[in-house]
Amino acid sequence: MHIADDLIVRVERDTDHSAVDNVLRDAFGHRDVADAVQTARRSELYTSSLGFVGDLCDEIVAMALLAPVTVDGLRAVDTVHPGANIMALATVAVAKTYQRKGLGAVVLKAAIRTAQLRGLSTLVVVGDPRYFRRFGFEPASKVGLTPGFDIDPDTFLALPIKELAETGVVAYSMPIMRLATPA
């Protein structure tokens, strides 16, 4: 049996915040990402249905977070109502002890499935193309999206879920921007 088979993925609860912050600090080796996620949780754009946790035997060991974005300055998502078009995969993290065991893939697939169920057309992410390509992500430029911030364009990726309605410059909210463009 594979350890990923025992992982239960569910929507993040308020009572999970401390455990999620611990996963983020452990996975990234510093507080910056945990602090950015805490700030994002306080944003008017945040809803709890955008965060996912991986629970292994009553221990939170993995997480993923979706986040609203804008395209050409217009809000490209409605966090309350389904049918919005584009969101960002803000972060995926797994506690160090559990890395390289498929747990990140499990929470990432849950986030992608939620995006599909919400009727999104696209997920965007800033990340390693070699990793995210396994899940169908491709250069965002192929679907007409460019980052509205200074990053290596090869790391700005998109997962087309259905026919893309929006093209243009994608911007993240300020807290999430800190996740996409670490210092």
# chains A, B, ... in the order shown; residues from 1 in each chain; ligands from 1
call {"tool": "residues_around", "arguments": {"residues": "Ile3 (chain A)", "least_positions_apart": "4", "cutoff": "10 Å", "atoms": "only C-alpha atoms", "output": "list in words"}}
result
Leu7, Leu56, Tyr98, Lys101, Gly102 and Leu103 of chain A
call {"tool": "atom_distance", "arguments": {"atom1": "CA of Arg100 (chain A)", "atom2": "CA of Asp35 (chain A)"}}
result
24.5 Å
call {"tool": "closest_residue", "arguments": {"among": "A:Asp154, A:Asp128, A:Asp6, A:Asp72", "to": "Glu59 (chain A)", "atoms": "only C-alpha atoms"}}
result
A:Asp6
call {"tool": "residues_around", "arguments": {"residues": "region 140-146 of chain A", "least_positions_apart": "5", "cutoff": "10 Å", "atoms": "only C-alpha atoms", "output": "VMD selection string"}}
result
chain A and resid 71 to 72 122 to 126 153 to 160 163 to 171
call {"tool": "closest_residue", "arguments": {"among": "A:Ile60, A:Val94, A:Val33, A:Leu120", "to": "Asp16 (chain A)", "atoms": "only C-alpha atoms"}}
result
A:Ile60
call {"tool": "closest_residue", "arguments": {"among": "A:Asp14, A:Gly119, A:Ala19, A:Ile151", "to": "Asp58 (chain A)", "atoms": "only C-alpha atoms"}}
result
A:Ala19
call {"tool": "select_by_dssp", "arguments": {"residues": "region 103-172 of chain A", "states": "strand (DSSP E)", "output": "PDB file with C-alpha atoms, in the first residue's frame"}}
result
ATOM      1  CA  THR A 122      -8.052  27.826 -16.316  1.00  0.00           C
ATOM      2  CA  LEU A 123      -5.738  27.496 -13.346  1.00  0.00           C
ATOM      3  CA  VAL A 124      -2.465  29.409 -13.384  1.00  0.00           C
ATOM      4  CA  VAL A 125       0.596  28.734 -11.252  1.00  0.00           C
ATOM      5  CA  VAL A 126       4.128  29.986 -10.830  1.00  0.00           C
ATOM      6  CA  GLU A 138       1.698  24.296 -19.988  1.00  0.00           C
ATOM      7  CA  PRO A 139       3.298  27.695 -20.610  1.00  0.00           C
ATOM      8  CA  LEU A 145      -1.949  34.717 -20.515  1.00  0.00           C
ATOM      9  CA  THR A 146       1.094  36.635 -19.303  1.00  0.00           C
ATOM     10  CA  PRO A 147       2.218  37.434 -15.750  1.00  0.00           C
ATOM     11  CA  PHE A 156       4.240  30.977 -15.382  1.00  0.00           C
ATOM     12  CA  LEU A 157       2.026  28.038 -16.290  1.00  0.00           C
ATOM     13  CA  ALA A 158      -1.623  27.451 -17.090  1.00  0.00           C
ATOM     14  CA  LEU A 159      -3.867  24.416 -16.930  1.00  0.00           C
ATOM     15  CA  PRO A 160      -6.635  24.802 -19.503  1.00  0.00           C
ATOM     16  CA  GLY A 168      -4.325  39.051 -21.080  1.00  0.00           C
ATOM     17  CA  VAL A 169      -2.159  40.048 -18.146  1.00  0.00           C
ATOM     18  CA  VAL A 170      -2.763  38.092 -14.939  1.00  0.00           C
ATOM     19  CA  ALA A 171      -2.219  39.776 -11.591  1.00  0.00           C
ATOM     20  CA  TYR A 172      -2.397  38.193  -8.157  1.00  0.00           C
TER      21      TYR A 172
END
call {"tool": "select_by_dssp", "arguments": {"residues": "chain A", "states": "helix (DSSP H, G or I)", "output": "count of residues only"}}
result
71
call {"tool": "closest_residue", "arguments": {"among": "A:Arg10, A:His30, A:His17, A:Arg25", "to": "Ala95 (chain A)", "atoms": "only C-alpha atoms"}}
result
A:Arg25
call {"tool": "closest_residue", "arguments": {"among": "A:His2, A:Val53, A:Gly148, A:Asp32", "to": "Thr15 (chain A)", "atoms": "only C-alpha atoms"}}
result
A:Val53
call {"tool": "closest_residue", "arguments": {"among": "A:Ala110, A:Leu65, A:Ala88, A:Ala93", "to": "Phe137 (chain A)", "atoms": "only C-alpha atoms"}}
result
A:Ala88
call {"tool": "residues_around", "arguments": {"residues": "Val92 (chain A)", "least_positions_apart": "2", "cutoff": "8 Å", "atoms": "only C-alpha atoms", "output": "PDB file with N, CA and C atoms, in the first residue's frame"}}
result
ATOM      1  N   ALA A  62      -0.032  18.033   4.367  1.00  0.00           N
ATOM      2  CA  ALA A  62       0.047  18.626   3.034  1.00  0.00           C
ATOM      3  C   ALA A  62      -1.063  19.656   2.893  1.00  0.00           C
ATOM      4  N   MET A  63      -0.872  20.568   1.938  1.00  0.00           N
ATOM      5  CA  MET A  63      -1.904  21.575   1.695  1.00  0.00           C
ATOM      6  C   MET A  63      -1.793  22.131   0.284  1.00  0.00           C
ATOM      7  N   ALA A  64      -2.881  22.713  -0.179  1.00  0.00           N
ATOM      8  CA  ALA A  64      -2.916  23.446  -1.445  1.00  0.00           C
ATOM      9  C   ALA A  64      -3.880  24.610  -1.253  1.00  0.00           C
ATOM     10  N   LEU A  65      -3.618  25.697  -1.967  1.00  0.00           N
ATOM     11  CA  LEU A  65      -4.458  26.880  -1.840  1.00  0.00           C
ATOM     12  C   LEU A  65      -4.724  27.475  -3.217  1.00  0.00           C
ATOM     13  N   LEU A  89      -3.286  28.658  -8.561  1.00  0.00           N
ATOM     14  CA  LEU A  89      -2.864  27.709  -7.548  1.00  0.00           C
ATOM     15  C   LEU A  89      -1.754  28.443  -6.809  1.00  0.00           C
ATOM     16  N   ALA A  90      -2.095  28.987  -5.646  1.00  0.00           N
ATOM     17  CA  ALA A  90      -1.166  29.866  -4.934  1.00  0.00           C
ATOM     18  C   ALA A  90       0.020  29.103  -4.356  1.00  0.00           C
ATOM     19  N   VAL A  94       4.110  20.170   1.233  1.00  0.00           N
ATOM     20  CA  VAL A  94       4.087  18.909   1.968  1.00  0.00           C
ATOM     21  C   VAL A  94       5.183  18.984   3.021  1.00  0.00           C
ATOM     22  N   GLY A 104       1.782  15.569  -2.356  1.00  0.00           N
ATOM     23  CA  GLY A 104       1.555  16.843  -3.037  1.00  0.00           C
ATOM     24  C   GLY A 104       0.661  16.648  -4.253  1.00  0.00           C
ATOM     25  N   VAL A 107      -3.091  16.353  -3.106  1.00  0.00           N
ATOM     26  CA  VAL A 107      -3.781  17.610  -2.784  1.00  0.00           C
ATOM     27  C   VAL A 107      -3.898  18.494  -4.025  1.00  0.00           C
ATOM     28  N   LEU A 108      -2.902  18.459  -4.898  1.00  0.00           N
ATOM     29  CA  LEU A 108      -2.967  19.227  -6.138  1.00  0.00           C
ATOM     30  C   LEU A 108      -4.115  18.737  -7.013  1.00  0.00           C
TER      31      LEU A 108
END
